[in-house]
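So the structure is just underneath, and the comments pick up after that.
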Amino acid sequence: MAEVLRVDRAAAKAGRALLGQELRRLGGRAWLPIVLGLSVAAAGVAQAFLLARLVAGLMGLGNGGWPDLAGAAALALLAAALVSAQEIAQGASGRAARAGLRARVFAALLAAGPADGRAAGEKASLAVERVEALDGYFSRWLPAAVLALLVPLGIIVAVWAFDWVSGLVLAVMGLLVPVGMAVAGIGAARASRRQFDALARLSGRFTDRVRGLSTLVQFNRAEDEAQALGAAAEELRLRTMRVLRVAFLSSGSLEFLAAGTLAYLAWRHGALLGASHPNPVTALWCILVVPAFFQPLRNFSAAYHEAQSARGAAAALAPLLAESEPPGLLLEEVPPFVALSFTEVKLTYAPERPPALDGLSFSLAAGETLLLSGPSGAGKSSVLALLLGFRRPDSGRIAINGQDITRLRPAELRRMVAHVGQRPHIFAGTIAENIAVARPEAGRAAIEAAAEAAQVLAFTDDLPDGLDTRVGEGGHGLSGGQAQRVGLARAFLREAPLILLDEPTASLDPGTEEVVLEAIRRLCLGRTVLIATHSAAALRGLPGRVLALEGGRAAGRRLAGE
């Protein structure tokens, strides 16, 4: 239990530090809603005074009249305009905070790559739900917290100057508000953080199970997984209800204090008015200003639970965003040619699993092609993961041009690499834009040259807009072979000295496979290429050497085509 509490405190401290960093980054955007809120409060106090004069005049206790009514109406319009401006400023502050944090989260997740062990649903929860939960902190809670301190304090000072008893009542009741909220809100941040953890687990589990639905059905596990998802959903429901229970308790305590204050002041000044009050306008103003006194506290109470949710979300985001810059050297420039060597490389993903690579050794000269063959689990994808910087070897040495790659930052290692996976992702956009993902600054001529080299033009010439045809979500669909050629076009455009291909002809019909192999043969010219494949056509039709892997070790070597 003590260890859990220490972890909770450390996470909360990291979350507060993250919120403070973002507040400093927002600067003036965070303070504009506060200035507008003070203006709204000043207009409300002045309006209460004019209404007090008007009511006193109607009761025959003062000189209030039409000018006071006109002034109160003008102040009401001004307050409405200021409230609208404040809401706009609050929205802008929240959007700026979300945009900045989401950009940092995406950058951190992309930098980690597949080495990040989080499930896809948990990553989506970090980038979407948890960042969204921070909106209320910057757009509502922060202005509400400052205004809840300044506005009631100013009203207490003003009321005290006219009637110290009324000022004392407001001061005591105002001090009881945070006490009531604290009593009702003990553990609110922890409950909110646990709610988000439950949501992240449910999101990750649901996404992963949908991806593997066919496998679950095949092994007759669909019903068991449905029950597990139901249990995770029930846990989320219970934790959400705990958070809502806290919200209702603290709001109820505030409304009780506001009603009690108004009732007491109305009773006290009502009795004095009946006994010829020396200053009836002040008496009425002390009563009418009570809503203006409690409104900032009411806003603070409403935003208090958003602050707890934000702190819980920030505690989850802080470890990801606090990770320091990865160690390693930077490249002055990408070398035009690379030679590659593995020496007794070992890699283990988990202690209970056999090693993915168990003392693998091979070398590859600059401009040479090596085809890695072997059954699934032999270690082919692990070799590519190491060269992409997604994993670091447990032992052994991987060298490029004689230099140990572990001395480089993973991002610098990826600058030398062009990777084409089994199923290249097609983004929503044009085919040209999808190719340009590999090198966004490339010109149109370079994109067209890469498309021609990868045989992309062979099918885009038949499309209505050629390379400018929209594909992906909401656009023209591409077959597996066409998507693979787009992936190869990215590799051509990237102009990297080291090419990594992972099962580039998987699930292709023989005719399409030959087209893709022709594009790969062009890609191999003058580059160092490593191809993981079990395709017999690829092993026969591509140049270079074949290295057979078995159990993470080299099981045999031969020339391609033999």
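Each chain in the structure tokens gets a letter, A, B, ..., in the order shown, and its residues are numbered from 1; ligands are numbered from 1 in order too.
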
Spatial neighbours of A:Thr512, max dist 9 Å, only C-alpha atoms, sep filter under 6 positions, as number ranges by chain: A: 481-482, 505

Only C-alpha atoms, please: the residues just picked out, written as a CSV table (one decimal), in the first residue's frame.
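Dumped everything to out.csv:
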chain,number,residue,atom,x,y,z
A,481,GLY,CA,-0.1,-5.1,-55.4
A,482,GLN,CA,-0.8,-1.4,-56.2
A,505,THR,CA,5.4,-10.0,-52.3

Close residues, A:Ala111 itself excluded, 8 Å, only C-alpha atoms, min 3 positions apart in chain, as a list in words: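 Listed by chain and then number, they are Ala107, Ala108 and Ala411 of chain A.
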
Point-to-point distance from atom CA of A:Val417 to atom CA of A:Thr430, Å rounded to tenths: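 Between atom CA of A:Val417 and atom CA of A:Thr430 the gap is 24.2 Å.
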
Residue contacts of A:Ala506 (9 Å, only C-alpha atoms) excluding same-chain residues fewer than 6 positions away, as an MDAnalysis selection string: chainID A and resid 422:423 513 533:535

Near-stretch 466-480 of chain A list (10 Å; only C-alpha atoms; drop same-chain fewer than 5 positions) as a PyMOL selection string: chain A and resi 422-435+447-448+451+456-457+459-461+485-486+505-509+512

Residues near A:Leu75, cut-off 9 Å, only C-alpha atoms, skip fewer than 6 positions along chain, as number ranges by chain: A: 43-44, 46-47

Residue neighbourhood stretch 438-444 of chain A, 10 Å, only C-alpha atoms, exclusion window fewer than 2 positions, as a PyMOL selection string: chain A and resi 418-419+432-436+446-450+487+489-495

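The spacing separating atom CA of A:Pro375 from atom CA of A:Glu344 amounts to 20.7 Å.
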
Nearest-residue call for A:Leu370, choices A:Pro178, A:Gly552, A:Gly94, A:Pro543, using only C-alpha atoms: A:Pro543

Those in stretch 329-416 of chain A with helix (DSSP H, G or I) from DSSP, as a ChimeraX atom specification: /A:380-387,405-407,410-415

Would you save the residues of that selection, restricted to C-alpha atoms, as an mmCIF file, in the first residue's frame?
data_model
loop_
_atom_site.group_PDB
_atom_site.id
_atom_site.type_symbol
_atom_site.label_atom_id
_atom_site.label_comp_id
_atom_site.auth_asym_id
_atom_site.auth_seq_id
_atom_site.Cartn_x
_atom_site.Cartn_y
_atom_site.Cartn_z
ATOM 1 C CA LYS A 380 13.724 -12.146 -40.040
ATOM 2 C CA SER A 381 11.519 -9.330 -38.714
ATOM 3 C CA SER A 382 13.747 -8.981 -35.641
ATOM 4 C CA VAL A 383 16.725 -8.199 -37.871
ATOM 5 C CA LEU A 384 14.728 -5.450 -39.570
ATOM 6 C CA ALA A 385 13.504 -4.082 -36.209
ATOM 7 C CA LEU A 386 17.107 -3.736 -35.022
ATOM 8 C CA LEU A 387 18.134 -1.909 -38.196
ATOM 9 C CA ILE A 405 24.830 1.540 -34.682
ATOM 10 C CA THR A 406 23.967 1.579 -30.966
ATOM 11 C CA ARG A 407 26.073 4.753 -30.702
ATOM 12 C CA PRO A 410 17.446 5.644 -33.301
ATOM 13 C CA ALA A 411 16.062 8.527 -35.368
ATOM 14 C CA GLU A 412 19.488 9.074 -36.957
ATOM 15 C CA LEU A 413 19.683 5.388 -37.825
ATOM 16 C CA ARG A 414 16.311 5.627 -39.560
ATOM 17 C CA ARG A 415 17.606 8.505 -41.719
#

Point-to-point distance from atom CA of A:Leu372 to atom CA of A:Leu547, Å rounded to tenths: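 Value for the atom CA of A:Leu372-atom CA of A:Leu547 distance: 5.0 Å.
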
Expected answer as a PyMOL selection string: strand (DSSP E) residues in stretch 332-483 of chain A: chain A and resi 340-347+357-364+369-373+395-400+403-404+417-420+429-430+470-471

Surrounding residues of A:Gly379 excluding itself and chain neighbours under 3 positions, 12 Å, only C-alpha atoms, as an NGL selection string: :A and (345-349 or 354-360 or 372-376 or 382-386 or 502 or 532-533 or 547-555)

Selected residue of minimal separation from A:Leu26 among A:Ala292, A:Leu238, A:Trp160, A:Gly100, counting only C-alpha atoms: A:Gly100
